[in-house]
>>> print(open('my_file23.cif').read())   # mmCIF, C-alpha atoms
data_entry
loop_
_atom_site.label_atom_id
_atom_site.label_comp_id
_atom_site.auth_asym_id
_atom_site.auth_seq_id
_atom_site.Cartn_x
_atom_site.Cartn_y
_atom_site.Cartn_z
CA MET A 62 0.00 0.00 0.00
CA VAL A 63 1.12 3.55 -0.74
CA GLU A 64 1.30 5.78 2.32
CA ILE A 65 0.28 9.44 2.23
CA LYS A 66 3.83 10.58 2.96
CA ASP A 67 5.02 8.70 -0.13
CA LEU A 68 2.59 10.24 -2.63
CA ALA A 69 4.09 11.63 -5.82
CA PRO A 70 3.83 15.44 -6.15
CA ILE A 71 1.82 15.06 -9.37
CA GLY A 72 -1.21 12.80 -9.66
CA PHE A 73 -3.22 11.48 -12.58
CA GLY A 74 -6.72 12.97 -12.94
CA THR A 75 -9.39 10.98 -14.76
CA TYR A 76 -12.26 13.43 -15.26
CA ARG A 77 -12.21 12.85 -19.05
CA LEU A 78 -11.01 9.25 -19.00
CA LYS A 79 -13.50 7.16 -20.98
CA GLU A 80 -11.76 5.46 -23.90
CA GLU A 81 -10.35 1.93 -23.76
CA ALA A 82 -7.13 3.09 -25.39
CA GLN A 83 -6.53 5.51 -22.53
CA LYS A 84 -5.57 2.63 -20.25
CA GLU A 85 -2.13 2.92 -21.84
CA VAL A 86 -1.89 6.45 -20.47
CA ILE A 87 -2.54 5.17 -16.94
CA ASP A 88 0.13 2.51 -17.37
CA TYR A 89 2.59 5.12 -18.63
CA ALA A 90 1.91 7.40 -15.66
CA ILE A 91 2.35 4.61 -13.10
CA ASN A 92 5.48 3.27 -14.78
CA ASN A 93 7.02 6.74 -14.65
CA GLY A 94 6.55 7.35 -10.94
CA CYS A 95 2.96 8.61 -10.64
CA ASN A 96 1.40 6.69 -7.74
CA LEU A 97 -1.69 8.86 -7.21
CA ILE A 98 -4.83 8.42 -9.33
CA ASP A 99 -7.84 10.67 -8.78
CA THR A 100 -11.30 9.67 -9.95
CA ALA A 101 -14.98 9.77 -8.93
CA SER A 102 -18.04 7.57 -9.24
CA ASN A 103 -19.64 10.00 -11.71
CA TYR A 104 -16.64 10.44 -14.02
CA GLY A 105 -17.87 9.04 -17.31
CA ASN A 106 -20.79 7.49 -15.40
CA GLY A 107 -18.36 5.04 -13.83
CA GLU A 108 -16.31 4.36 -16.95
CA ALA A 109 -13.23 6.08 -15.52
CA GLU A 110 -13.21 3.76 -12.51
CA LYS A 111 -13.67 0.74 -14.76
CA LEU A 112 -10.68 1.69 -16.91
CA ILE A 113 -8.54 2.30 -13.83
CA GLY A 114 -9.53 -1.09 -12.41
CA GLU A 115 -8.74 -2.89 -15.65
CA SER A 116 -5.39 -1.12 -15.98
CA ILE A 117 -4.01 -1.57 -12.47
CA ASN A 118 -5.11 -5.20 -12.27
CA SER A 119 -3.84 -6.25 -15.69
CA SER A 120 -0.47 -4.66 -14.92
CA GLY A 121 -0.32 -6.20 -11.44
CA LYS A 122 0.17 -2.78 -9.85
CA SER A 123 -3.04 -2.43 -7.86
CA LYS A 124 -1.11 -2.10 -4.59
CA ASP A 125 1.39 0.35 -6.09
CA VAL A 126 -1.07 3.22 -6.49
CA PHE A 127 -3.05 5.40 -4.11
CA ILE A 128 -6.56 5.76 -5.55
CA ILE A 129 -8.89 8.59 -4.59
CA SER A 130 -12.55 8.38 -5.52
CA LYS A 131 -15.53 10.54 -4.61
CA ALA A 132 -19.29 10.39 -4.20
CA GLY A 133 -22.19 12.81 -3.96
CA TYR A 134 -23.57 13.30 -7.47
CA ILE A 135 -26.58 11.18 -8.41
CA THR A 136 -28.04 10.68 -11.89
CA ASN A 137 -30.71 8.16 -10.89
CA PRO A 138 -32.44 9.19 -7.64
CA ILE A 139 -35.16 6.56 -8.15
CA VAL A 140 -32.79 4.04 -6.53
CA PHE A 141 -33.08 5.99 -3.26
CA ASP A 142 -36.62 7.36 -3.50
CA SER A 143 -38.08 5.38 -0.62
CA GLN A 144 -35.06 5.90 1.63
CA LEU A 145 -34.22 9.60 1.42
CA THR A 146 -36.19 12.65 2.54
CA GLU A 147 -36.20 16.06 0.90
CA LYS A 148 -33.53 17.11 3.41
CA ASP A 149 -31.18 14.43 2.09
CA LEU A 150 -31.55 14.90 -1.68
CA PHE A 151 -30.84 18.13 -3.53
CA ALA A 152 -31.56 18.90 -7.17
CA ILE A 153 -28.63 20.39 -9.07
CA ASN A 154 -30.39 20.43 -12.45
CA SER A 155 -33.00 18.36 -14.32
CA ASN A 156 -30.58 15.45 -14.75
CA THR A 157 -28.44 15.52 -11.61
CA TRP A 158 -29.08 15.38 -7.87
CA TYR A 159 -26.83 15.47 -4.85
CA SER A 160 -26.65 13.58 -1.56
CA ILE A 161 -24.05 12.44 0.98
CA HIS A 162 -26.52 10.39 3.01
CA PRO A 163 -24.87 7.16 4.29
CA ILE A 164 -27.26 5.09 2.16
CA VAL A 165 -26.01 6.86 -0.96
CA LEU A 166 -22.36 6.69 0.10
CA ASP A 167 -22.61 2.97 0.85
CA TYR A 168 -24.25 2.29 -2.50
CA GLU A 169 -21.70 4.33 -4.47
CA LEU A 170 -18.74 2.93 -2.52
CA SER A 171 -19.82 -0.64 -3.25
CA LYS A 172 -20.16 0.11 -6.97
CA SER A 173 -16.80 1.90 -7.06
CA LEU A 174 -15.03 -1.05 -5.42
CA ILE A 175 -16.48 -3.39 -8.04
CA ARG A 176 -15.43 -1.13 -10.91
CA LEU A 177 -11.95 -0.63 -9.48
CA LYS A 178 -11.62 -4.39 -8.82
CA ARG A 179 -10.38 -3.65 -5.32
CA ASP A 180 -11.31 -4.52 -1.74
CA TYR A 181 -10.62 -0.97 -0.57
CA ILE A 182 -10.20 2.61 -1.77
CA ASP A 183 -7.28 4.58 -0.35
CA GLY A 184 -9.05 7.92 -0.16
CA TYR A 185 -12.82 8.46 -0.31
CA LEU A 186 -14.05 12.04 -0.60
CA LEU A 187 -17.34 13.86 -0.27
CA HIS A 188 -17.62 15.42 -3.71
CA ASN A 189 -18.46 19.16 -3.57
CA PRO A 190 -20.73 19.13 -0.49
CA GLU A 191 -21.16 22.89 -0.86
CA TYR A 192 -24.21 21.97 -2.97
CA ILE A 193 -25.99 21.34 0.32
CA PHE A 194 -25.23 24.85 1.50
CA ASN A 195 -26.25 26.35 -1.84
CA SER A 196 -29.59 24.52 -1.68
CA ASN A 197 -30.42 25.33 1.95
CA LYS A 198 -28.77 28.69 2.58
CA ASN A 199 -28.09 27.22 6.01
CA ASP A 200 -24.61 26.10 6.93
CA SER A 201 -25.80 24.18 10.02
CA ILE A 202 -27.52 21.65 7.74
CA LEU A 203 -24.32 21.30 5.73
CA TYR A 204 -22.20 20.48 8.78
CA GLU A 205 -24.84 18.18 10.25
CA GLN A 206 -24.80 16.13 7.05
CA ILE A 207 -21.01 16.16 6.87
CA GLU A 208 -20.83 14.89 10.47
CA ARG A 209 -23.24 12.08 9.63
CA ALA A 210 -21.15 11.22 6.56
CA PHE A 211 -17.87 11.30 8.52
CA LYS A 212 -19.31 8.88 11.10
CA PHE A 213 -20.23 6.52 8.28
CA LEU A 214 -16.80 6.83 6.68
CA GLU A 215 -15.02 6.08 9.97
CA LYS A 216 -17.02 2.85 10.12
CA LYS A 217 -15.92 2.01 6.58
CA VAL A 218 -12.30 2.52 7.68
CA ASP A 219 -12.87 0.06 10.53
CA GLN A 220 -14.31 -2.40 8.01
CA GLY A 221 -11.29 -2.02 5.73
CA ARG A 222 -13.30 -0.68 2.79
CA ILE A 223 -11.52 2.68 2.77
CA ARG A 224 -8.23 3.83 4.34
CA PHE A 225 -8.80 7.59 4.62
CA TYR A 226 -11.54 10.08 3.82
CA GLY A 227 -11.92 13.77 3.14
CA ILE A 228 -13.51 16.58 1.19
CA SER A 229 -13.24 17.68 -2.43
CA SER A 230 -14.58 21.22 -2.69
CA ASN A 231 -14.27 23.87 -5.36
CA ASN A 232 -15.14 26.48 -2.72
CA LEU A 233 -12.79 25.44 0.07
CA PRO A 234 -10.29 28.26 -0.61
CA LYS A 235 -13.02 30.91 -1.01
CA PHE A 236 -13.10 32.09 2.60
CA GLU A 237 -13.29 35.83 2.02
CA GLU A 238 -16.16 37.55 3.80
CA GLY A 239 -19.56 36.67 2.35
CA ALA A 240 -18.32 33.75 0.27
CA LYS A 241 -20.13 30.41 0.27
CA SER A 242 -17.32 28.21 1.45
CA ILE A 243 -16.66 25.22 3.66
CA ASP A 244 -14.70 25.92 6.82
CA LEU A 245 -11.77 23.51 7.16
CA SER A 246 -11.43 24.19 10.88
CA LYS A 247 -15.04 23.05 11.40
CA LEU A 248 -14.35 19.88 9.41
CA MET A 249 -11.42 19.08 11.69
CA GLN A 250 -13.55 19.74 14.78
CA ILE A 251 -16.23 17.38 13.47
CA ALA A 252 -13.69 14.64 12.74
CA LYS A 253 -12.10 14.95 16.21
CA LYS A 254 -15.53 14.88 17.82
CA ILE A 255 -16.23 11.55 16.12
CA LYS A 256 -12.83 10.02 16.86
CA LYS A 257 -9.66 11.52 18.32
CA ASN A 258 -7.40 9.55 16.00
CA ASN A 259 -9.66 9.98 12.98
CA HIS A 260 -8.96 9.28 9.33
CA PHE A 261 -9.95 12.67 7.91
CA LYS A 262 -6.73 13.21 5.98
CA ILE A 263 -7.51 14.49 2.49
CA ILE A 264 -8.65 17.84 1.17
CA GLN A 265 -8.93 18.66 -2.51
CA PHE A 266 -9.46 22.09 -4.03
CA PRO A 267 -8.57 24.17 -7.10
CA TYR A 268 -5.08 25.61 -7.15
CA ASN A 269 -3.41 26.57 -10.42
CA LEU A 270 -2.17 29.55 -12.40
CA PHE A 271 -5.63 31.12 -12.45
CA GLU A 272 -7.16 29.94 -9.16
CA LYS A 273 -4.65 30.93 -6.48
CA ASP A 274 -6.87 31.83 -3.52
CA ALA A 275 -5.50 28.97 -1.41
CA TYR A 276 -2.07 30.61 -1.56
CA LEU A 277 -2.80 34.33 -1.87
CA TYR A 278 -5.25 34.88 0.99
CA LYS A 279 -4.87 34.41 4.72
CA TYR A 280 -7.19 31.84 6.21
CA LYS A 281 -6.50 31.54 9.95
CA GLN A 282 -3.49 31.82 12.29
CA ASN A 283 -2.06 34.28 9.75
CA LYS A 284 -1.63 31.36 7.35
CA ASN A 285 -3.05 30.65 3.91
CA LEU A 286 -5.14 27.52 3.42
CA ILE A 287 -2.20 25.37 2.35
CA GLU A 288 -0.05 26.46 5.31
CA TYR A 289 -2.95 26.09 7.74
CA SER A 290 -3.68 22.58 6.49
CA HIS A 291 -0.10 21.43 7.00
CA ALA A 292 0.06 23.04 10.44
CA ASN A 293 -3.23 21.66 11.78
CA MET A 294 -4.06 18.41 9.98
CA ASP A 295 -2.22 15.27 11.01
CA GLU A 296 -0.19 14.15 7.97
CA PRO A 297 -2.58 15.67 5.42
CA ALA A 298 -2.85 14.79 1.76
CA ILE A 299 -3.56 18.01 -0.10
CA VAL A 300 -4.67 17.37 -3.65
CA ASN A 301 -5.04 20.34 -5.98
CA HIS A 302 -7.03 20.59 -9.19
CA VAL A 303 -4.99 21.78 -12.16
CA ARG A 304 -7.80 22.42 -14.59
CA ARG A 305 -7.67 22.49 -18.36
CA MET A 306 -8.40 26.09 -19.31
CA LYS A 307 -8.84 27.86 -22.62
CA VAL A 308 -6.86 31.08 -22.73
CA SER A 309 -7.26 33.70 -25.45
CA ILE A 310 -4.29 36.00 -26.03
CA ALA A 311 -4.94 39.20 -27.94
CA ASN A 312 -2.43 40.18 -30.58
#
>>> encode(input="my_file23.cif", output="structure tokens")
Amino acid sequence: MVEIKDLAPIGFGTYRLKEEAQKEVIDYAINNGCNLIDTASNYGNGEAEKLIGESINSSGKSKDVFIISKAGYITNPIVFDSQLTEKDLFAINSNTWYSIHPIVLDYELSKSLIRLKRDYIDGYLLHNPEYIFNSNKNDSILYEQIERAFKFLEKKVDQGRIRFYGISSNNLPKFEEGAKSIDLSKLMQIAKKIKKNNHFKIIQFPYNLFEKDAYLYKYKQNKNLIEYSHANMDEPAIVNHVRRMKVSIAN
């Protein structure tokens, strides 16, 4: 197993991974020192996880990579209709819903493990839970649902189905006054409340040439988000999104 302290500085993102031929790209990355693969249950409607599973198992390198997957987005809420209330399921648009209810997480985790052809996932993240805040305009509901999800994820660690858990949030670095953002310090408080030696180890957020809030702005303790994370989280894994962006340059 790959430990957090041994993660390569650059990981392999699979948001657009959906073609059979792209398995060769995964093999190339792993063979050249990339031991971190980031995916999610909704990437390609599960196709990304399938391709990862086929690649790492056919190459015999399943134990040589640290795989992060995520859950939260739902394209077929009918599966959960009789089990979730309106407080647990949030409409994003006409085709997509959102929930981090333990029933949803358990369902998605089981499917991800099958697609990845693994008994465990190294890092399992709540995928953009700020949708809960955006839907409710009430941050107490957001943190209540995150606490419930963290309790579930700690149980999955005990069962050996995941090793660590965390948050993937586009808004995590947006902590300026009035911004709709998730407070990392509250997440740490929730995790410690559940278990002193908890497995909340991973945060993921945008950080690149264009999105530099996590570095430019002070968060707490006169530190930016990256500095604060290293100072206050126990052996954190900080995973940053380097997005593909179209840039127009005027002549």
>>> atom_distance(input="my_file23.cif", atom1="atom CA of Val86 of chain A", atom2="atom CA of Leu68 of chain A")
18.8 Å
>>> resolve_selection(input="my_file23.cif", expression="the PyMOL selection byres ((chain A and resi 295) around 12)", output="mmCIF file with C-alpha atoms, in the coordinates of the input")
data_model
loop_
_atom_site.group_PDB
_atom_site.id
_atom_site.type_symbol
_atom_site.label_atom_id
_atom_site.label_comp_id
_atom_site.auth_asym_id
_atom_site.auth_seq_id
_atom_site.Cartn_x
_atom_site.Cartn_y
_atom_site.Cartn_z
ATOM 1 C CA ILE A 65 0.280 9.440 2.230
ATOM 2 C CA LYS A 66 3.830 10.580 2.960
ATOM 3 C CA PHE A 225 -8.800 7.590 4.620
ATOM 4 C CA MET A 249 -11.420 19.080 11.690
ATOM 5 C CA ALA A 252 -13.690 14.640 12.740
ATOM 6 C CA LYS A 253 -12.100 14.950 16.210
ATOM 7 C CA LYS A 257 -9.660 11.520 18.320
ATOM 8 C CA ASN A 258 -7.400 9.550 16.000
ATOM 9 C CA ASN A 259 -9.660 9.980 12.980
ATOM 10 C CA HIS A 260 -8.960 9.280 9.330
ATOM 11 C CA PHE A 261 -9.950 12.670 7.910
ATOM 12 C CA LYS A 262 -6.730 13.210 5.980
ATOM 13 C CA ILE A 263 -7.510 14.490 2.490
ATOM 14 C CA TYR A 289 -2.950 26.090 7.740
ATOM 15 C CA SER A 290 -3.680 22.580 6.490
ATOM 16 C CA HIS A 291 -0.100 21.430 7.000
ATOM 17 C CA ALA A 292 0.060 23.040 10.440
ATOM 18 C CA ASN A 293 -3.230 21.660 11.780
ATOM 19 C CA MET A 294 -4.060 18.410 9.980
ATOM 20 C CA GLU A 296 -0.190 14.150 7.970
ATOM 21 C CA PRO A 297 -2.580 15.670 5.420
ATOM 22 C CA ALA A 298 -2.850 14.790 1.760
ATOM 23 C CA ILE A 299 -3.560 18.010 -0.100
#
>>> atom_distance(input="my_file23.cif", atom1="atom CA of Tyr226 of chain A", atom2="atom CA of Gln282 of chain A")
24.7 Å
>>> atom_distance(input="my_file23.cif", atom1="atom CA of Gly133 of chain A", atom2="atom CA of Ser173 of chain A")
12.6 Å
>>> closest_residue(input="my_file23.cif", among="A:Ser230, A:Thr136, A:Asn285, A:Ser242", to="Asn199 of chain A", atoms="all atoms listed in the file")
A:Ser242
>>> residues_near_point(input="my_file23.cif", point="(-21.5, 12.2, -13.9)", cutoff="12 Å", atoms="only C-alpha atoms", output="PyMOL selection string")
chain A and resi 76-77+79+100-110+131-137+153+156-159+188
>>> write_last_selection(input="my_file23.cif", atoms="C-alpha atoms", output="tab-separated table (two decimals), in the coordinates of the input")
chain	number	residue	atom	x	y	z
A	76	TYR	CA	-12.26	13.43	-15.26
A	77	ARG	CA	-12.21	12.85	-19.05
A	79	LYS	CA	-13.50	7.16	-20.98
A	100	THR	CA	-11.30	9.67	-9.95
A	101	ALA	CA	-14.98	9.77	-8.93
A	102	SER	CA	-18.04	7.57	-9.24
A	103	ASN	CA	-19.64	10.00	-11.71
A	104	TYR	CA	-16.64	10.44	-14.02
A	105	GLY	CA	-17.87	9.04	-17.31
A	106	ASN	CA	-20.79	7.49	-15.40
A	107	GLY	CA	-18.36	5.04	-13.83
A	108	GLU	CA	-16.31	4.36	-16.95
A	109	ALA	CA	-13.23	6.08	-15.52
A	110	GLU	CA	-13.21	3.76	-12.51
A	131	LYS	CA	-15.53	10.54	-4.61
A	132	ALA	CA	-19.29	10.39	-4.20
A	133	GLY	CA	-22.19	12.81	-3.96
A	134	TYR	CA	-23.57	13.30	-7.47
A	135	ILE	CA	-26.58	11.18	-8.41
A	136	THR	CA	-28.04	10.68	-11.89
A	137	ASN	CA	-30.71	8.16	-10.89
A	153	ILE	CA	-28.63	20.39	-9.07
A	156	ASN	CA	-30.58	15.45	-14.75
A	157	THR	CA	-28.44	15.52	-11.61
A	158	TRP	CA	-29.08	15.38	-7.87
A	159	TYR	CA	-26.83	15.47	-4.85
A	188	HIS	CA	-17.62	15.42	-3.71
>>> closest_residue(input="my_file23.cif", among="A:Ser201, A:Ile255, A:Ile228, A:Ser120", to="Glu215 of chain A", atoms="all atoms listed in the file")
A:Ile255
>>> resolve_selection(input="my_file23.cif", expression="the PyMOL selection byres ((chain A and resi 160) around 10)", output="list of chain:residue names")
A:Ala132, A:Gly133, A:Tyr134, A:Ile135, A:Pro138, A:Leu145, A:Lys148, A:Asp149, A:Leu150, A:Phe151, A:Ala152, A:Trp158, A:Tyr159, A:Ile161, A:His162, A:Pro163, A:Ile164, A:Val165, A:Leu166, A:Leu187, A:His188, A:Pro190, A:Tyr192, A:Ile193, A:Gln206
>>> residues_around(input="my_file23.cif", residues="Cys95 of chain A", least_positions_apart="6", cutoff="10 Å", atoms="only C-alpha atoms", output="list in words")
Leu68, Ala69, Pro70, Ile71, Gly72, Phe73, Ile87, Asp88, Tyr89, Asp125, Val126 and Phe127 of chain A
>>> residues_around(input="my_file23.cif", residues="Val300 of chain A", least_positions_apart="4", cutoff="7 Å", atoms="all atoms listed in the file", output="count of residues only")
3
>>> residues_around(input="my_file23.cif", residues="Ile223 of chain A", least_positions_apart="6", cutoff="8 Å", atoms="only C-alpha atoms", output="ChimeraX atom specification")
/A:181-185,214,217
>>> write_last_selection(input="my_file23.cif", atoms="C-alpha atoms", output="PDB file, in the frame of the given file")
ATOM      1  CA  TYR A 181     -10.620  -0.970  -0.570  1.00  0.00           C
ATOM      2  CA  ILE A 182     -10.200   2.610  -1.770  1.00  0.00           C
ATOM      3  CA  ASP A 183      -7.280   4.580  -0.350  1.00  0.00           C
ATOM      4  CA  GLY A 184      -9.050   7.920  -0.160  1.00  0.00           C
ATOM      5  CA  TYR A 185     -12.820   8.460  -0.310  1.00  0.00           C
ATOM      6  CA  LEU A 214     -16.800   6.830   6.680  1.00  0.00           C
ATOM      7  CA  LYS A 217     -15.920   2.010   6.580  1.00  0.00           C
TER       8      LYS A 217
END
>>> residues_around(input="my_file23.cif", residues="Lys122 of chain A", least_positions_apart="5", cutoff="12 Å", atoms="only C-alpha atoms", output="ChimeraX atom specification")
/A:62-63,87-88,90-92,95-96,113-117,127-128,178-179
>>> closest_residue(input="my_file23.cif", among="A:Glu147, A:Phe211, A:Leu97, A:Leu186", to="Lys124 of chain A", atoms="all atoms listed in the file")
A:Leu97
>>> closest_residue(input="my_file23.cif", among="A:Glu205, A:Glu191, A:Asp180, A:Glu85", to="Val218 of chain A", atoms="all atoms listed in the file")
A:Asp180
>>> decode(input="my_file23.cif", residues="segment 83-93 of chain A", atoms="all heavy atoms", output="PDB file, in the first residue's frame")
ATOM      1  N   GLN A  83      -7.159   4.640 -23.517  1.00  0.00           N
ATOM      2  CA  GLN A  83      -6.530   5.510 -22.529  1.00  0.00           C
ATOM      3  C   GLN A  83      -5.946   4.738 -21.347  1.00  0.00           C
ATOM      4  O   GLN A  83      -5.259   5.318 -20.503  1.00  0.00           O
ATOM      5  CB  GLN A  83      -7.542   6.551 -22.045  1.00  0.00           C
ATOM      6  CG  GLN A  83      -7.898   7.561 -23.134  1.00  0.00           C
ATOM      7  CD  GLN A  83      -8.994   8.519 -22.723  1.00  0.00           C
ATOM      8  OE1 GLN A  83      -9.847   8.191 -21.906  1.00  0.00           O
ATOM      9  NE2 GLN A  83      -8.974   9.711 -23.292  1.00  0.00           N
ATOM     10  N   LYS A  84      -6.204   3.440 -21.289  1.00  0.00           N
ATOM     11  CA  LYS A  84      -5.567   2.629 -20.254  1.00  0.00           C
ATOM     12  C   LYS A  84      -4.052   2.689 -20.387  1.00  0.00           C
ATOM     13  O   LYS A  84      -3.333   2.604 -19.399  1.00  0.00           O
ATOM     14  CB  LYS A  84      -6.049   1.173 -20.345  1.00  0.00           C
ATOM     15  CG  LYS A  84      -7.467   0.957 -19.843  1.00  0.00           C
ATOM     16  CD  LYS A  84      -7.775  -0.513 -19.661  1.00  0.00           C
ATOM     17  CE  LYS A  84      -7.724  -1.262 -20.980  1.00  0.00           C
ATOM     18  NZ  LYS A  84      -8.104  -2.676 -20.832  1.00  0.00           N
ATOM     19  N   GLU A  85      -3.575   2.835 -21.613  1.00  0.00           N
ATOM     20  CA  GLU A  85      -2.130   2.924 -21.843  1.00  0.00           C
ATOM     21  C   GLU A  85      -1.550   4.164 -21.174  1.00  0.00           C
ATOM     22  O   GLU A  85      -0.399   4.161 -20.718  1.00  0.00           O
ATOM     23  CB  GLU A  85      -1.835   2.956 -23.339  1.00  0.00           C
ATOM     24  CG  GLU A  85      -2.219   1.675 -24.076  1.00  0.00           C
ATOM     25  CD  GLU A  85      -1.897   1.749 -25.556  1.00  0.00           C
ATOM     26  OE1 GLU A  85      -1.200   2.710 -25.956  1.00  0.00           O
ATOM     27  OE2 GLU A  85      -2.332   0.849 -26.300  1.00  0.00           O
ATOM     28  N   VAL A  86      -2.345   5.221 -21.108  1.00  0.00           N
ATOM     29  CA  VAL A  86      -1.890   6.452 -20.469  1.00  0.00           C
ATOM     30  C   VAL A  86      -1.722   6.231 -18.970  1.00  0.00           C
ATOM     31  O   VAL A  86      -0.763   6.719 -18.357  1.00  0.00           O
ATOM     32  CB  VAL A  86      -2.886   7.603 -20.737  1.00  0.00           C
ATOM     33  CG1 VAL A  86      -2.386   8.893 -20.102  1.00  0.00           C
ATOM     34  CG2 VAL A  86      -3.105   7.792 -22.232  1.00  0.00           C
ATOM     35  N   ILE A  87      -2.652   5.492 -18.366  1.00  0.00           N
ATOM     36  CA  ILE A  87      -2.537   5.174 -16.935  1.00  0.00           C
ATOM     37  C   ILE A  87      -1.273   4.362 -16.688  1.00  0.00           C
ATOM     38  O   ILE A  87      -0.509   4.642 -15.761  1.00  0.00           O
ATOM     39  CB  ILE A  87      -3.773   4.391 -16.451  1.00  0.00           C
ATOM     40  CG1 ILE A  87      -5.055   5.185 -16.700  1.00  0.00           C
ATOM     41  CG2 ILE A  87      -3.638   4.052 -14.967  1.00  0.00           C
ATOM     42  CD1 ILE A  87      -6.319   4.420 -16.357  1.00  0.00           C
ATOM     43  N   ASP A  88      -1.065   3.342 -17.522  1.00  0.00           N
ATOM     44  CA  ASP A  88       0.130   2.508 -17.375  1.00  0.00           C
ATOM     45  C   ASP A  88       1.398   3.353 -17.476  1.00  0.00           C
ATOM     46  O   ASP A  88       2.344   3.168 -16.699  1.00  0.00           O
ATOM     47  CB  ASP A  88       0.153   1.414 -18.447  1.00  0.00           C
ATOM     48  CG  ASP A  88      -0.983   0.413 -18.286  1.00  0.00           C
ATOM     49  OD1 ASP A  88      -1.502   0.306 -17.157  1.00  0.00           O
ATOM     50  OD2 ASP A  88      -1.341  -0.244 -19.278  1.00  0.00           O
ATOM     51  N   TYR A  89       1.407   4.262 -18.440  1.00  0.00           N
ATOM     52  CA  TYR A  89       2.586   5.117 -18.632  1.00  0.00           C
ATOM     53  C   TYR A  89       2.840   5.970 -17.387  1.00  0.00           C
ATOM     54  O   TYR A  89       3.991   6.108 -16.935  1.00  0.00           O
ATOM     55  CB  TYR A  89       2.391   6.018 -19.850  1.00  0.00           C
ATOM     56  CG  TYR A  89       3.570   6.918 -20.132  1.00  0.00           C
ATOM     57  CD1 TYR A  89       4.641   6.461 -20.906  1.00  0.00           C
ATOM     58  CD2 TYR A  89       3.632   8.211 -19.616  1.00  0.00           C
ATOM     59  CE1 TYR A  89       5.735   7.282 -21.161  1.00  0.00           C
ATOM     60  CE2 TYR A  89       4.720   9.027 -19.858  1.00  0.00           C
ATOM     61  CZ  TYR A  89       5.762   8.559 -20.631  1.00  0.00           C
ATOM     62  OH  TYR A  89       6.851   9.369 -20.868  1.00  0.00           O
ATOM     63  N   ALA A  90       1.768   6.544 -16.844  1.00  0.00           N
ATOM     64  CA  ALA A  90       1.911   7.400 -15.659  1.00  0.00           C
ATOM     65  C   ALA A  90       2.473   6.605 -14.483  1.00  0.00           C
ATOM     66  O   ALA A  90       3.413   7.056 -13.807  1.00  0.00           O
ATOM     67  CB  ALA A  90       0.562   8.007 -15.299  1.00  0.00           C
ATOM     68  N   ILE A  91       1.898   5.430 -14.227  1.00  0.00           N
ATOM     69  CA  ILE A  91       2.353   4.608 -13.099  1.00  0.00           C
ATOM     70  C   ILE A  91       3.798   4.172 -13.295  1.00  0.00           C
ATOM     71  O   ILE A  91       4.610   4.231 -12.364  1.00  0.00           O
ATOM     72  CB  ILE A  91       1.435   3.380 -12.924  1.00  0.00           C
ATOM     73  CG1 ILE A  91       0.014   3.828 -12.545  1.00  0.00           C
ATOM     74  CG2 ILE A  91       1.991   2.437 -11.860  1.00  0.00           C
ATOM     75  CD1 ILE A  91      -0.997   2.704 -12.525  1.00  0.00           C
ATOM     76  N   ASN A  92       4.122   3.754 -14.499  1.00  0.00           N
ATOM     77  CA  ASN A  92       5.484   3.271 -14.780  1.00  0.00           C
ATOM     78  C   ASN A  92       6.532   4.378 -14.690  1.00  0.00           C
ATOM     79  O   ASN A  92       7.726   4.092 -14.588  1.00  0.00           O
ATOM     80  CB  ASN A  92       5.549   2.621 -16.163  1.00  0.00           C
ATOM     81  CG  ASN A  92       4.780   1.311 -16.218  1.00  0.00           C
ATOM     82  OD1 ASN A  92       4.618   0.630 -15.199  1.00  0.00           O
ATOM     83  ND2 ASN A  92       4.298   0.961 -17.396  1.00  0.00           N
ATOM     84  N   ASN A  93       6.078   5.621 -14.719  1.00  0.00           N
ATOM     85  CA  ASN A  93       7.017   6.744 -14.647  1.00  0.00           C
ATOM     86  C   ASN A  93       6.910   7.509 -13.325  1.00  0.00           C
ATOM     87  O   ASN A  93       7.235   8.691 -13.247  1.00  0.00           O
ATOM     88  CB  ASN A  93       6.804   7.687 -15.834  1.00  0.00           C
ATOM     89  CG  ASN A  93       7.351   7.123 -17.129  1.00  0.00           C
ATOM     90  OD1 ASN A  93       8.527   7.298 -17.430  1.00  0.00           O
ATOM     91  ND2 ASN A  93       6.516   6.416 -17.871  1.00  0.00           N
TER      92      ASN A  93
END
